[in-house]
$ cat run_0.cif   # mmCIF, C-alpha atoms
data_protein
#
loop_
_atom_site.label_atom_id
_atom_site.label_comp_id
_atom_site.auth_asym_id
_atom_site.auth_seq_id
_atom_site.Cartn_x
_atom_site.Cartn_y
_atom_site.Cartn_z
CA MET A 261 68.36 80.89 31.85
CA TYR A 262 69.10 84.52 32.70
CA LEU A 263 71.80 87.18 32.70
CA GLY A 264 73.70 88.23 35.79
CA ARG A 265 76.48 90.54 36.89
CA VAL A 266 79.12 89.02 39.18
CA LEU A 267 79.44 91.09 42.36
CA GLY A 268 82.09 89.08 44.17
CA THR A 269 83.27 85.74 45.44
CA VAL A 270 81.91 83.55 48.23
CA VAL A 271 84.14 81.18 50.20
CA ALA A 272 82.76 78.37 52.35
CA SER A 273 85.26 75.93 53.78
CA ARG A 274 82.62 73.64 55.29
CA LYS A 275 80.03 72.57 52.74
CA ALA A 276 77.92 69.66 51.50
CA GLU A 277 79.66 66.67 49.99
CA GLY A 278 80.07 67.15 46.25
CA LEU A 279 80.54 70.89 46.49
CA VAL A 280 84.19 70.69 47.44
CA GLY A 281 86.23 72.49 44.78
CA VAL A 282 83.22 74.21 43.27
CA PRO A 283 83.75 77.99 43.11
CA PHE A 284 80.87 80.17 44.29
CA LEU A 285 80.18 83.72 43.15
CA PHE A 286 77.77 86.37 44.36
CA VAL A 287 75.64 87.40 41.37
CA GLN A 288 73.02 90.09 40.72
CA PRO A 289 70.48 88.90 38.10
CA VAL A 290 69.95 91.53 35.36
CA ASP A 291 67.55 91.99 32.45
CA ALA A 292 68.37 92.54 28.76
CA LYS A 293 69.12 96.22 29.48
CA LEU A 294 71.49 95.08 32.24
CA ALA A 295 69.29 96.60 34.96
CA ALA A 296 69.17 94.68 38.24
CA VAL A 297 66.22 92.30 38.66
CA GLY A 298 65.37 90.86 42.07
CA GLU A 299 67.78 89.98 44.84
CA PRO A 300 71.46 89.03 44.48
CA GLN A 301 72.14 85.31 44.79
CA VAL A 302 75.00 82.86 45.15
CA ALA A 303 75.76 80.70 42.12
CA ALA A 304 78.20 77.88 41.44
CA ASP A 305 80.62 78.80 38.65
CA ALA A 306 80.57 75.96 36.11
CA THR A 307 82.91 77.89 33.79
CA ARG A 308 85.47 78.20 36.61
CA THR A 309 86.74 81.40 34.99
CA ALA A 310 84.15 84.06 35.83
CA GLY A 311 85.12 86.88 38.19
CA PRO A 312 83.86 90.11 39.71
CA ALA A 313 82.28 92.59 37.21
CA ASP A 314 81.82 89.89 34.53
CA LEU A 315 78.49 89.71 32.75
CA VAL A 316 77.46 86.04 32.79
CA TYR A 317 74.50 83.83 32.10
CA LEU A 318 73.14 81.31 34.54
CA VAL A 319 70.89 78.31 34.62
CA GLY A 320 68.65 77.68 37.61
CA ALA A 321 66.80 74.85 39.34
CA ARG A 322 67.78 71.20 38.81
CA GLU A 323 69.72 72.07 35.66
CA ALA A 324 72.23 74.07 37.72
CA SER A 325 73.75 70.90 39.17
CA LEU A 326 73.85 69.30 35.71
CA ALA A 327 76.35 71.98 34.68
CA LEU A 328 78.90 70.78 37.24
CA ASP A 329 81.31 67.84 37.09
CA GLU A 330 79.46 66.14 39.96
CA THR A 331 75.81 66.34 38.84
CA PHE A 332 73.92 65.24 41.94
CA VAL A 333 74.79 68.14 44.21
CA PRO A 334 72.75 70.72 46.14
CA VAL A 335 72.94 73.89 44.03
CA ASP A 336 70.10 75.88 42.45
CA ALA A 337 72.00 78.34 40.27
CA ALA A 338 75.08 77.88 38.11
CA ILE A 339 77.06 80.18 35.83
CA VAL A 340 77.29 78.47 32.43
CA GLY A 341 78.63 81.24 30.19
CA ILE A 342 80.60 84.47 30.20
CA VAL A 343 78.92 87.01 27.94
CA ASP A 344 80.96 88.74 25.22
CA GLN A 345 78.10 90.67 23.68
CA VAL A 346 74.40 91.34 24.18
CA SER A 347 72.46 92.41 21.06
CA THR A 348 68.98 93.85 21.48
CA MET B 235 55.01 77.20 28.17
CA LYS B 236 55.27 80.93 27.73
CA LEU B 237 54.40 83.25 24.89
CA CYS B 238 57.40 85.55 24.33
CA ARG B 239 58.87 88.01 21.87
CA VAL B 240 62.48 87.60 20.80
CA THR B 241 64.32 90.85 21.51
CA GLY B 242 67.92 89.94 20.79
CA ASN B 243 70.67 87.45 21.42
CA VAL B 244 73.68 86.81 23.63
CA VAL B 245 77.15 85.81 22.44
CA ALA B 246 79.62 83.99 24.69
CA THR B 247 82.99 82.39 23.95
CA VAL B 248 83.59 80.86 27.38
CA LYS B 249 80.61 78.60 28.06
CA HIS B 250 79.53 75.16 29.15
CA PRO B 251 80.04 72.64 26.30
CA ALA B 252 76.28 71.98 26.23
CA TYR B 253 75.75 75.49 24.83
CA ARG B 254 78.19 75.10 21.94
CA GLY B 255 76.48 75.37 18.56
CA HIS B 256 73.25 76.70 20.04
CA LYS B 257 71.94 80.21 19.55
CA LEU B 258 71.00 81.88 22.82
CA MET B 259 68.17 84.40 22.47
CA ILE B 260 66.83 87.08 24.80
CA VAL B 261 63.07 86.69 25.17
CA GLN B 262 60.47 88.99 26.70
CA PRO B 263 57.29 87.29 28.00
CA VAL B 264 54.16 88.87 26.50
CA ASP B 265 50.41 88.62 27.04
CA GLU B 266 47.79 87.64 24.43
CA ALA B 267 47.82 91.18 23.05
CA GLY B 268 51.61 91.25 22.70
CA ALA B 269 52.23 93.56 25.66
CA ASP B 270 55.30 92.94 27.84
CA VAL B 271 54.75 90.91 31.03
CA GLY B 272 57.52 90.41 33.58
CA THR B 273 61.24 90.42 32.89
CA THR B 274 63.38 89.13 30.05
CA PHE B 275 65.22 85.82 30.22
CA LEU B 276 67.37 83.65 27.93
CA ALA B 277 66.36 80.64 25.85
CA VAL B 278 68.17 78.33 23.43
CA ASP B 279 66.67 78.60 19.94
CA LEU B 280 65.71 75.30 18.29
CA VAL B 281 63.50 76.71 15.52
CA GLN B 282 65.51 79.50 13.82
CA ALA B 283 63.58 82.32 15.49
CA GLY B 284 64.74 85.89 15.00
CA PRO B 285 64.37 89.27 16.73
CA GLY B 286 60.75 90.46 16.67
CA ASP B 287 59.29 86.96 16.35
CA THR B 288 56.61 85.84 18.77
CA VAL B 289 57.65 82.45 20.06
CA LEU B 290 56.66 79.62 22.35
CA VAL B 291 59.21 78.99 25.12
CA MET B 292 59.39 75.89 27.26
CA GLN B 293 61.05 76.26 30.68
CA GLU B 294 61.51 72.73 31.89
CA GLY B 295 64.80 70.85 31.77
CA ASN B 296 63.45 67.34 31.42
CA GLY B 297 61.55 68.29 28.27
CA VAL B 298 64.72 69.86 26.87
CA ARG B 299 66.70 66.70 27.53
CA GLN B 300 63.99 64.65 25.77
CA ILE B 301 64.02 66.92 22.70
CA LEU B 302 67.81 67.03 22.41
CA ARG B 303 68.18 63.38 23.49
CA VAL B 304 71.00 64.14 25.90
CA ASP B 305 71.18 63.19 29.58
CA LYS B 306 72.45 65.70 32.13
CA LEU B 307 72.02 68.77 29.97
CA PRO B 308 72.22 72.08 31.88
CA ILE B 309 69.73 73.84 29.60
CA ARG B 310 66.35 74.80 31.00
CA SER B 311 64.67 77.18 28.53
CA VAL B 312 64.22 76.51 24.82
CA ILE B 313 62.25 78.18 22.04
CA VAL B 314 60.11 75.38 20.61
CA GLY B 315 57.89 77.24 18.16
CA VAL B 316 57.43 80.43 16.17
CA VAL B 317 53.88 81.69 16.68
CA ASP B 318 51.90 82.74 13.60
CA ALA B 319 48.81 84.05 15.37
CA VAL B 320 47.20 84.29 18.78
CA SER B 321 43.45 84.77 18.98
CA ALA B 322 41.86 85.74 22.27
CA SER B 323 38.49 87.31 22.93
#

$ encode --input "run_0.cif" --output "structure tokens"
Amino acid sequence: MYLGRVLGTVVASRKAEGLVGVPFLFVQPVDAKLAAVGEPQVAADATRTAGPADLVYLVGAREASLALDETFVPVDAAIVGIVDQVST
Amino acid sequence: MKLCRVTGNVVATVKHPAYRGHKLMIVQPVDEAGADVGTTFLAVDLVQAGPGDTVLVMQEGNGVRQILRVDKLPIRSVIVGVVDAVSAS
């Protein structure tokens, strides 16, 4: 799992079966100091409440789809928490 | 599995139900000498690790689901051991 900063929303009206109703957000992965790491990516929002500027945490790979209501869907990153506080 | 150092933790109120009751730690991968390697990531703590501890982190969802005995768990990284010593020549 990893931290990310939500940059914005992504809307796709035509998408794979099972992804209908799943919100997508554009996210920049960040490290513990909140500095950007790697390229921005699109993630499904399993919390359904994250929005631009939120600091979130995500789960990748197969586990991303397991965070959603429909668990056999083609996603490889999902937002699973909205961060209140990072202690280092 | 990866050798990491715990550097802190993350607190979230709004989260997937699978993460309720679990402590989410920030871990920094390290080499055999304890020097930082790569970037930090997050792992669920199963062994009461704390900041500064050197730990063993598994990053594989199937193993996590076996340990926690839950199907369809969206957790991928867990701390599975606190390391006492690493010896490398």

$ atom_distance --input "run_0.cif" --atom1 "CA of Asp329 in chain A" --atom2 "CA of Gln293 in chain B"
22.9 Å

$ residues_around --input "run_0.cif" --residues "Asp314 in chain A" --least-positions-apart "4" --cutoff "7 Å" --atoms "all atoms listed in the file" --output "list in words"
Arg265, Val266 and Ala310 of chain A

$ closest_atom_pairs --input "run_0.cif" --of "chain B" --to "chain A" --cutoff "10 Å" --atoms "all atoms listed in the file" --output "Markdown table"
| residue | atom | partner | partner_atom | distance |
| --- | --- | --- | --- | --- |
| B:Val240 | CA | A:Thr348 | CA | 9.0 |
| B:Thr241 | CA | A:Thr348 | CA | 5.5 |
| B:Gly242 | CA | A:Thr348 | CA | 4.1 |
| B:Asn243 | CA | A:Ser347 | CA | 5.3 |
| B:Val244 | CA | A:Val346 | CA | 4.6 |
| B:Val245 | CA | A:Gln345 | CA | 5.1 |
| B:Ala246 | CA | A:Val343 | CA | 4.5 |
| B:Thr247 | CA | A:Asp344 | CA | 6.8 |
| B:Val248 | CA | A:Ile342 | CA | 5.5 |
| B:Lys249 | CA | A:Gly341 | CA | 3.9 |
| B:His250 | CA | A:Val340 | CA | 5.2 |
| B:Pro251 | CA | A:Val340 | CA | 8.9 |
| B:Ala252 | CA | A:Ala327 | CA | 8.5 |
| B:Tyr253 | CA | A:Val340 | CA | 8.3 |
| B:Leu258 | CA | A:Met261 | CA | 9.5 |
| B:Met259 | CA | A:Ser347 | CA | 9.2 |
| B:Ile260 | CA | A:Ala292 | CA | 6.9 |
| B:Val261 | CA | A:Ala292 | CA | 8.7 |
| B:Gln262 | CA | A:Ala292 | CA | 8.9 |
| B:Thr273 | CA | A:Asp291 | CA | 6.5 |
| B:Thr274 | CA | A:Asp291 | CA | 5.6 |
| B:Phe275 | CA | A:Tyr262 | CA | 4.8 |
| B:Leu276 | CA | A:Met261 | CA | 4.9 |
| B:Ala277 | CA | A:Met261 | CA | 6.3 |
| B:Val278 | CA | A:Met261 | CA | 8.8 |
| B:Pro285 | CA | A:Thr348 | CA | 8.0 |
| B:Gln293 | CA | A:Met261 | CA | 8.7 |
| B:Glu294 | CA | A:Glu323 | CA | 9.1 |
| B:Gly295 | CA | A:Glu323 | CA | 6.4 |
| B:Asn296 | CA | A:Glu323 | CA | 8.9 |
| B:Asp305 | CA | A:Leu326 | CA | 9.1 |
| B:Lys306 | CA | A:Leu326 | CA | 5.3 |
| B:Leu307 | CA | A:Leu326 | CA | 6.0 |
| B:Pro308 | CA | A:Glu323 | CA | 4.5 |
| B:Ile309 | CA | A:Glu323 | CA | 6.3 |
| B:Arg310 | CA | A:Glu323 | CA | 6.4 |
| B:Ser311 | CA | A:Met261 | CA | 6.2 |
| B:Val312 | CA | A:Met261 | CA | 9.3 |

$ write_last_selection --input "run_0.cif" --atoms "C-alpha atoms" --output "short mmCIF file (atom, residue, chain, number, x, y, z; two decimals), keeping the file's coordinate frame"
data_model
loop_
_atom_site.label_atom_id
_atom_site.label_comp_id
_atom_site.auth_asym_id
_atom_site.auth_seq_id
_atom_site.Cartn_x
_atom_site.Cartn_y
_atom_site.Cartn_z
CA VAL B 240 62.48 87.60 20.80
CA THR B 241 64.32 90.85 21.51
CA GLY B 242 67.92 89.94 20.79
CA ASN B 243 70.67 87.45 21.42
CA VAL B 244 73.68 86.81 23.63
CA VAL B 245 77.15 85.81 22.44
CA ALA B 246 79.62 83.99 24.69
CA THR B 247 82.99 82.39 23.95
CA VAL B 248 83.59 80.86 27.38
CA LYS B 249 80.61 78.60 28.06
CA HIS B 250 79.53 75.16 29.15
CA PRO B 251 80.04 72.64 26.30
CA ALA B 252 76.28 71.98 26.23
CA TYR B 253 75.75 75.49 24.83
CA LEU B 258 71.00 81.88 22.82
CA MET B 259 68.17 84.40 22.47
CA ILE B 260 66.83 87.08 24.80
CA VAL B 261 63.07 86.69 25.17
CA GLN B 262 60.47 88.99 26.70
CA THR B 273 61.24 90.42 32.89
CA THR B 274 63.38 89.13 30.05
CA PHE B 275 65.22 85.82 30.22
CA LEU B 276 67.37 83.65 27.93
CA ALA B 277 66.36 80.64 25.85
CA VAL B 278 68.17 78.33 23.43
CA PRO B 285 64.37 89.27 16.73
CA GLN B 293 61.05 76.26 30.68
CA GLU B 294 61.51 72.73 31.89
CA GLY B 295 64.80 70.85 31.77
CA ASN B 296 63.45 67.34 31.42
CA ASP B 305 71.18 63.19 29.58
CA LYS B 306 72.45 65.70 32.13
CA LEU B 307 72.02 68.77 29.97
CA PRO B 308 72.22 72.08 31.88
CA ILE B 309 69.73 73.84 29.60
CA ARG B 310 66.35 74.80 31.00
CA SER B 311 64.67 77.18 28.53
CA VAL B 312 64.22 76.51 24.82
#

$ atom_distance --input "run_0.cif" --atom1 "CA of Leu237 in chain B" --atom2 "CA of Ile313 in chain B"
9.8 Å

$ atom_distance --input "run_0.cif" --atom1 "CA of Phe284 in chain A" --atom2 "CA of Asp279 in chain B"
28.2 Å

$ build_atoms --input "run_0.cif" --residues "range 255-290 of chain B" --atoms "N, CA and C atoms" --output "CSV table (one decimal), in the coordinates of the input"
chain,number,residue,atom,x,y,z
B,255,GLY,N,77.3,75.6,19.8
B,255,GLY,CA,76.5,75.4,18.6
B,255,GLY,C,75.0,75.7,18.7
B,256,HIS,N,74.6,76.3,19.9
B,256,HIS,CA,73.2,76.7,20.0
B,256,HIS,C,73.2,78.2,20.1
B,257,LYS,N,72.1,78.8,19.5
B,257,LYS,CA,71.9,80.2,19.6
B,257,LYS,C,71.1,80.5,20.8
B,258,LEU,N,71.6,81.5,21.6
B,258,LEU,CA,71.0,81.9,22.8
B,258,LEU,C,70.3,83.2,22.6
B,259,MET,N,69.0,83.2,22.7
B,259,MET,CA,68.2,84.4,22.5
B,259,MET,C,67.7,85.0,23.8
B,260,ILE,N,67.5,86.4,23.7
B,260,ILE,CA,66.8,87.1,24.8
B,260,ILE,C,65.3,87.1,24.5
B,261,VAL,N,64.5,86.7,25.4
B,261,VAL,CA,63.1,86.7,25.2
B,261,VAL,C,62.3,87.5,26.2
B,262,GLN,N,61.3,88.2,25.8
B,262,GLN,CA,60.5,89.0,26.7
B,262,GLN,C,59.1,88.3,26.7
B,263,PRO,N,58.6,87.9,27.9
B,263,PRO,CA,57.3,87.3,28.0
B,263,PRO,C,56.2,88.4,27.6
B,264,VAL,N,55.2,87.9,26.9
B,264,VAL,CA,54.2,88.9,26.5
B,264,VAL,C,52.8,88.3,26.8
B,265,ASP,N,51.8,89.1,26.8
B,265,ASP,CA,50.4,88.6,27.0
B,265,ASP,C,49.8,88.4,25.7
B,266,GLU,N,48.4,88.0,25.7
B,266,GLU,CA,47.8,87.6,24.4
B,266,GLU,C,47.7,88.8,23.4
B,267,ALA,N,47.9,90.0,23.9
B,267,ALA,CA,47.8,91.2,23.0
B,267,ALA,C,49.2,91.6,22.6
B,268,GLY,N,50.2,90.9,23.1
B,268,GLY,CA,51.6,91.2,22.7
B,268,GLY,C,52.3,92.2,23.6
B,269,ALA,N,51.6,92.6,24.7
B,269,ALA,CA,52.2,93.6,25.7
B,269,ALA,C,53.2,92.8,26.6
B,270,ASP,N,54.3,93.5,27.0
B,270,ASP,CA,55.3,92.9,27.8
B,270,ASP,C,54.7,92.6,29.2
B,271,VAL,N,55.1,91.4,29.7
B,271,VAL,CA,54.8,90.9,31.0
B,271,VAL,C,56.0,90.4,31.7
B,272,GLY,N,56.4,90.9,32.9
B,272,GLY,CA,57.5,90.4,33.6
B,272,GLY,C,58.8,90.8,32.9
B,273,THR,N,59.9,90.1,33.3
B,273,THR,CA,61.2,90.4,32.9
B,273,THR,C,61.8,89.4,31.8
B,274,THR,N,62.8,89.9,31.1
B,274,THR,CA,63.4,89.1,30.0
B,274,THR,C,64.2,88.0,30.6
B,275,PHE,N,64.3,86.9,29.8
B,275,PHE,CA,65.2,85.8,30.2
B,275,PHE,C,65.8,85.2,28.9
B,276,LEU,N,66.7,84.2,29.1
B,276,LEU,CA,67.4,83.6,27.9
B,276,LEU,C,66.8,82.3,27.6
B,277,ALA,N,66.8,82.0,26.3
B,277,ALA,CA,66.4,80.6,25.8
B,277,ALA,C,67.2,80.2,24.6
B,278,VAL,N,67.5,78.9,24.6
B,278,VAL,CA,68.2,78.3,23.4
B,278,VAL,C,67.2,78.2,22.3
B,279,ASP,N,67.6,78.6,21.1
B,279,ASP,CA,66.7,78.6,19.9
B,279,ASP,C,66.8,77.3,19.2
B,280,LEU,N,65.7,76.6,19.0
B,280,LEU,CA,65.7,75.3,18.3
B,280,LEU,C,65.0,75.4,17.0
B,281,VAL,N,64.4,76.6,16.7
B,281,VAL,CA,63.5,76.7,15.5
B,281,VAL,C,63.8,77.9,14.6
B,282,GLN,N,65.1,78.4,14.7
B,282,GLN,CA,65.5,79.5,13.8
B,282,GLN,C,64.6,80.7,14.0
B,283,ALA,N,64.3,81.1,15.2
B,283,ALA,CA,63.6,82.3,15.5
B,283,ALA,C,64.5,83.5,15.4
B,284,GLY,N,63.9,84.7,15.1
B,284,GLY,CA,64.7,85.9,15.0
B,284,GLY,C,64.1,87.0,15.8
B,285,PRO,N,64.9,88.1,16.0
B,285,PRO,CA,64.4,89.3,16.7
B,285,PRO,C,63.0,89.7,16.2
B,286,GLY,N,62.1,90.0,17.1
B,286,GLY,CA,60.8,90.5,16.7
B,286,GLY,C,59.7,89.3,16.6
B,287,ASP,N,60.2,88.1,16.4
B,287,ASP,CA,59.3,87.0,16.4
B,287,ASP,C,58.6,86.7,17.7
B,288,THR,N,57.3,86.3,17.6
B,288,THR,CA,56.6,85.8,18.8
B,288,THR,C,56.8,84.3,18.8
B,289,VAL,N,57.2,83.9,20.0
B,289,VAL,CA,57.6,82.4,20.1
B,289,VAL,C,57.0,81.8,21.3
B,290,LEU,N,57.1,80.4,21.3
B,290,LEU,CA,56.7,79.6,22.4
B,290,LEU,C,57.9,79.1,23.1
